[in-house]
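Here the structure comes first, spelled out in structure tokens, and everything after it is commentary.
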Amino acid sequence: MEHPKTAFITGASSGIGASFARKLAEKGYDLALTARRHDKLESLAKTIKEKHNVKIELIKADLSLADDVERLSKYIKERADISFLVNNAGFGTAGFFNTVDIGKSLSMINVHAYAATALTHAALGNMIKNNSGAIINVSSMAGFIISPGSSVYHATKSYLNVFSACLAGEMQKIGADIKIQALCPGMTETEFFDTDEYRNKFDRTKVPRLMWMTADEVVGISLKALESGKGCRDTGHREQNIPRRNK
Ligand SMILES: NC(=O)c1ccc[n+]([C@@H]2O[C@H](COP(=O)([O-])OP(=O)(O)OC[C@H]3O[C@@H](n4cnc5c(N)ncnc54)[C@H](OP(=O)(O)O)[C@@H]3O)[C@@H](O)[C@H]2O)c1
């Protein structure tokens with residue numbers, strides 16, 4: 001793994017993104033953190049700075065909006081020190097496609113697929129020039145599953161899996177030392193299910209305790225796999241990083 005520089009993390013205001021921020025700061029990375037809830041980013045930055053001597057920049061942005069994605073892409077392109085990108089921002093919807101507001105589904109495509117694709121392209125230019133870097137696309141186990149319910153969630157996560165695997169192959173072909181990982185968590189204890197929609201339609205107590213992981217567990221497994229190169233250069237889904245405790 002290259003010397004820590006700056007890690008750019010989307011969806012850093014809670015859950016898995018906040019955990020990436022804490023763990024990458026611990027490894028010495030300066031941080032550029034983005035989300036819509038600036039107050040949450042500020043309190044995260046404060047706690048990180050109490051422990052680690054790193055620079056932290058906060059950028060408020062809504063990844064469902066093309067203008068905001070363009071602004072972030074420009075920012076990333078101008079920062080040659082961004083050597084780590086985590087496309088983590090995401091959300092779920094509950095119910096069959098025809099019952100979900102189409103605006104929400106289209107926003108999901110923007111946040112999960114459009115933004116992750118644009119930001120990856122923005123970061124890759126300098127990473128290829130520097131011949132080093134790492135990109136983690138936070139996908140989901142849902143990306144492997146074809147079943148009724150949350151169609152756009154499953155489809156966009158499947159996109160991230162295939163996109164990441166093909167991109168990893170491209171980096172290998174051009175001999176670039178850039179690690180690409182699709183991180184595919186299962187049930188993770190975050191704010192993900194704390195929406196009115198999920199509160200009414202999903203009872204988390206019905207999911208066996210054993211099936212849940214903490215965000216820190218998921219991120220710990222992801223970074224360990226990234227450092228060992230596992231699940232980063234293979235093009236088969238089997239090789240992607242599905243966090244399991246016994247790894
Ligand atoms: N929790 C799970 O069981 C689970 C399982 C598999 C995969 N995942 C994936 O893990 C990733 C992180 O989710 P989490 O579990 O950590 O949930 P979370 O605690 O709800 O965090 C989601 C993050 O995404 C950001 N976000 C959502 N919509 C956004 C938008 N339009 N623009 C900018 N940022 C946006 C949120 O920030 P703001 O609200 O401040 O904008 C927040 O920081 C997601 O991609 C999710 O699909 C989660």
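Chains: A, B, ... in order of the structure tokens. Residues: from 1 per chain. Ligands: from 1, in order shown.
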(request) Could you give me, as a count of residues only, every polymer residue with an atom at most 8 Å away from an atom of ligand 1, counting only C-alpha atoms and all ligand atoms? (result) 51
(message) Show me, as a list in words, the residues that have an atom within 8 Å of Ala122 of chain A when counting only C-alpha atoms, minus same-chain residues fewer than 3 positions from it.
(response) Ser73, Lys74, Ile76, Lys77, Ala118, Leu119 and Gly125 of chain A
Go ahead and write the residues just picked, all heavy atoms, as a PDB file, in the first residue's frame.
ATOM      1  N   SER A  73     -16.339  16.310  -8.752  1.00  0.00           N
ATOM      2  CA  SER A  73     -15.406  15.746  -9.742  1.00  0.00           C
ATOM      3  C   SER A  73     -14.279  16.741 -10.016  1.00  0.00           C
ATOM      4  O   SER A  73     -13.101  16.369 -10.093  1.00  0.00           O
ATOM      5  CB  SER A  73     -16.126  15.440 -11.064  1.00  0.00           C
ATOM      6  OG  SER A  73     -17.136  14.497 -10.852  1.00  0.00           O
ATOM      7  N   LYS A  74     -14.653  18.007 -10.144  1.00  0.00           N
ATOM      8  CA  LYS A  74     -13.663  19.057 -10.413  1.00  0.00           C
ATOM      9  C   LYS A  74     -12.677  19.141  -9.229  1.00  0.00           C
ATOM     10  O   LYS A  74     -11.472  19.219  -9.419  1.00  0.00           O
ATOM     11  CB  LYS A  74     -14.420  20.384 -10.607  1.00  0.00           C
ATOM     12  CG  LYS A  74     -13.603  21.491 -11.190  1.00  0.00           C
ATOM     13  CD  LYS A  74     -14.531  22.619 -11.678  1.00  0.00           C
ATOM     14  CE  LYS A  74     -13.732  23.826 -12.132  1.00  0.00           C
ATOM     15  NZ  LYS A  74     -13.190  24.643 -11.073  1.00  0.00           N
ATOM     16  N   ILE A  76     -11.884  16.809  -7.099  1.00  0.00           N
ATOM     17  CA  ILE A  76     -11.001  15.626  -7.069  1.00  0.00           C
ATOM     18  C   ILE A  76      -9.900  15.750  -8.126  1.00  0.00           C
ATOM     19  O   ILE A  76      -8.726  15.492  -7.855  1.00  0.00           O
ATOM     20  CB  ILE A  76     -11.829  14.335  -7.266  1.00  0.00           C
ATOM     21  CG1 ILE A  76     -12.697  14.071  -6.033  1.00  0.00           C
ATOM     22  CG2 ILE A  76     -10.928  13.131  -7.554  1.00  0.00           C
ATOM     23  CD1 ILE A  76     -13.674  12.911  -6.173  1.00  0.00           C
ATOM     24  N   LYS A  77     -10.280  16.176  -9.330  1.00  0.00           N
ATOM     25  CA  LYS A  77      -9.288  16.298 -10.421  1.00  0.00           C
ATOM     26  C   LYS A  77      -8.184  17.283 -10.056  1.00  0.00           C
ATOM     27  O   LYS A  77      -7.031  17.115 -10.441  1.00  0.00           O
ATOM     28  CB  LYS A  77      -9.972  16.797 -11.697  1.00  0.00           C
ATOM     29  CG  LYS A  77     -10.648  15.685 -12.482  1.00  0.00           C
ATOM     30  CD  LYS A  77     -11.174  16.225 -13.795  1.00  0.00           C
ATOM     31  CE  LYS A  77     -12.292  15.343 -14.284  1.00  0.00           C
ATOM     32  NZ  LYS A  77     -13.142  15.935 -15.286  1.00  0.00           N
ATOM     33  N   ALA A 118     -18.714   8.858 -11.991  1.00  0.00           N
ATOM     34  CA  ALA A 118     -18.080  10.158 -12.281  1.00  0.00           C
ATOM     35  C   ALA A 118     -16.887  10.397 -11.356  1.00  0.00           C
ATOM     36  O   ALA A 118     -15.819  10.829 -11.802  1.00  0.00           O
ATOM     37  CB  ALA A 118     -19.110  11.277 -12.121  1.00  0.00           C
ATOM     38  N   LEU A 119     -17.044  10.106 -10.064  1.00  0.00           N
ATOM     39  CA  LEU A 119     -15.961  10.383  -9.111  1.00  0.00           C
ATOM     40  C   LEU A 119     -14.779   9.445  -9.335  1.00  0.00           C
ATOM     41  O   LEU A 119     -13.619   9.824  -9.171  1.00  0.00           O
ATOM     42  CB  LEU A 119     -16.471  10.299  -7.660  1.00  0.00           C
ATOM     43  CG  LEU A 119     -17.622  11.269  -7.293  1.00  0.00           C
ATOM     44  CD1 LEU A 119     -17.917  11.217  -5.802  1.00  0.00           C
ATOM     45  CD2 LEU A 119     -17.331  12.710  -7.705  1.00  0.00           C
ATOM     46  N   GLY A 125      -7.494   9.707 -13.111  1.00  0.00           N
ATOM     47  CA  GLY A 125      -6.480  10.423 -13.899  1.00  0.00           C
ATOM     48  C   GLY A 125      -5.184  10.595 -13.114  1.00  0.00           C
ATOM     49  O   GLY A 125      -4.118  10.150 -13.554  1.00  0.00           O
TER      50      GLY A 125
END
(request) Within segment 41-101 of chain A, find each residue whose DSSP state, derived from the backbone, is alpha helix (DSSP H), and express the selection as a list of chain:residue names. (result) A:Leu41, A:Glu42, A:Ser43, A:Leu44, A:Ala45, A:Lys46, A:Thr47, A:Ile48, A:Lys49, A:Glu50, A:Lys51, A:Ala66, A:Asp67, A:Asp68, A:Val69, A:Glu70, A:Arg71, A:Leu72, A:Ser73, A:Lys74, A:Tyr75, A:Ile76, A:Lys77, A:Glu78
(message) Could you tell me how far atom CA of Asp101 of chain A sits from atom CA of Ile136 of chain A, in Å to one decimal place?
(response) 29.1 Å
(request) Find the spatial neighbours of Lys55 of chain A, counting only C-alpha atoms, within a cut-off of 10 Å - ignore same-chain residues fewer than 6 positions away - and output them as a PyMOL selection string. (result) chain A and resi 6+25+28-32+45+48-49
Write the residues of the selection above to a file with C-alpha atoms, as an mmCIF file, in the first residue's frame.
data_model
loop_
_atom_site.group_PDB
_atom_site.id
_atom_site.type_symbol
_atom_site.label_atom_id
_atom_site.label_comp_id
_atom_site.auth_asym_id
_atom_site.auth_seq_id
_atom_site.Cartn_x
_atom_site.Cartn_y
_atom_site.Cartn_z
ATOM 1 C CA THR A 6 -5.649 12.061 1.118
ATOM 2 C CA ALA A 25 -7.220 8.778 9.662
ATOM 3 C CA GLY A 28 -2.372 8.598 8.563
ATOM 4 C CA TYR A 29 -4.559 9.740 5.676
ATOM 5 C CA ASP A 30 -5.726 13.332 5.432
ATOM 6 C CA LEU A 31 -9.437 13.350 4.673
ATOM 7 C CA ALA A 32 -11.893 15.009 2.315
ATOM 8 C CA ALA A 45 -14.083 15.702 12.058
ATOM 9 C CA ILE A 48 -11.060 12.414 14.575
ATOM 10 C CA LYS A 49 -8.888 15.495 15.141
#
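The two atoms in question, atom CA of Ile128 of chain A and atom CA of Phe20 of chain A, are spaced 22.9 Å apart.
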(request) Please indicate the distance in Å from atom CA of Cys166 of chain A to atom CA of Ile180 of chain A, rounded to one decimal place. (result) 9.5 Å
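If you measure from each of A:Met171, A:Leu44, A:Leu183, A:Val100 to Leu124 of chain A using only C-alpha atoms, the closest one turns out to be A:Met171.
Residue nearest Tyr114 of chain A within the list A:Asn98, A:Phe84, A:Ser132, A:Asp68: A:Asp68 [criterion: smallest interatomic distance, only C-alpha atoms].
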Show which residues sit within 7 Å of Lys201 of chain A, as a PDB file with N, CA and C atoms, in the first residue's frame. Count only C-alpha atoms, and ignore same-chain residues fewer than 3 positions away.
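Saved result, result-v9.pdb, follows:
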ATOM      1  N   ALA A  94     -37.963   0.690   0.329  1.00  0.00           N
ATOM      2  CA  ALA A  94     -38.680  -0.539   0.667  1.00  0.00           C
ATOM      3  C   ALA A  94     -39.901  -0.672  -0.241  1.00  0.00           C
ATOM      4  N   GLU A 197     -39.678   5.001   6.005  1.00  0.00           N
ATOM      5  CA  GLU A 197     -40.032   3.920   5.086  1.00  0.00           C
ATOM      6  C   GLU A 197     -39.674   2.544   5.674  1.00  0.00           C
ATOM      7  N   TYR A 198     -38.434   2.411   6.154  1.00  0.00           N
ATOM      8  CA  TYR A 198     -38.011   1.125   6.708  1.00  0.00           C
ATOM      9  C   TYR A 198     -38.672   0.852   8.057  1.00  0.00           C
TER      10      TYR A 198
END
(message) Please return, as a PyMOL selection string, all residues of segment 41-207 of chain A that DSSP assigns to strand (DSSP E) on the basis of the backbone.
(response) chain A and resi 56-60+82-87+133-138+178-183+188-189
(request) Could you give me, as a count of residues only, the residues within 10 Å of Arg244 of chain A, counting only C-alpha atoms and dropping anything in the same chain fewer than 5 positions from it? (result) 7
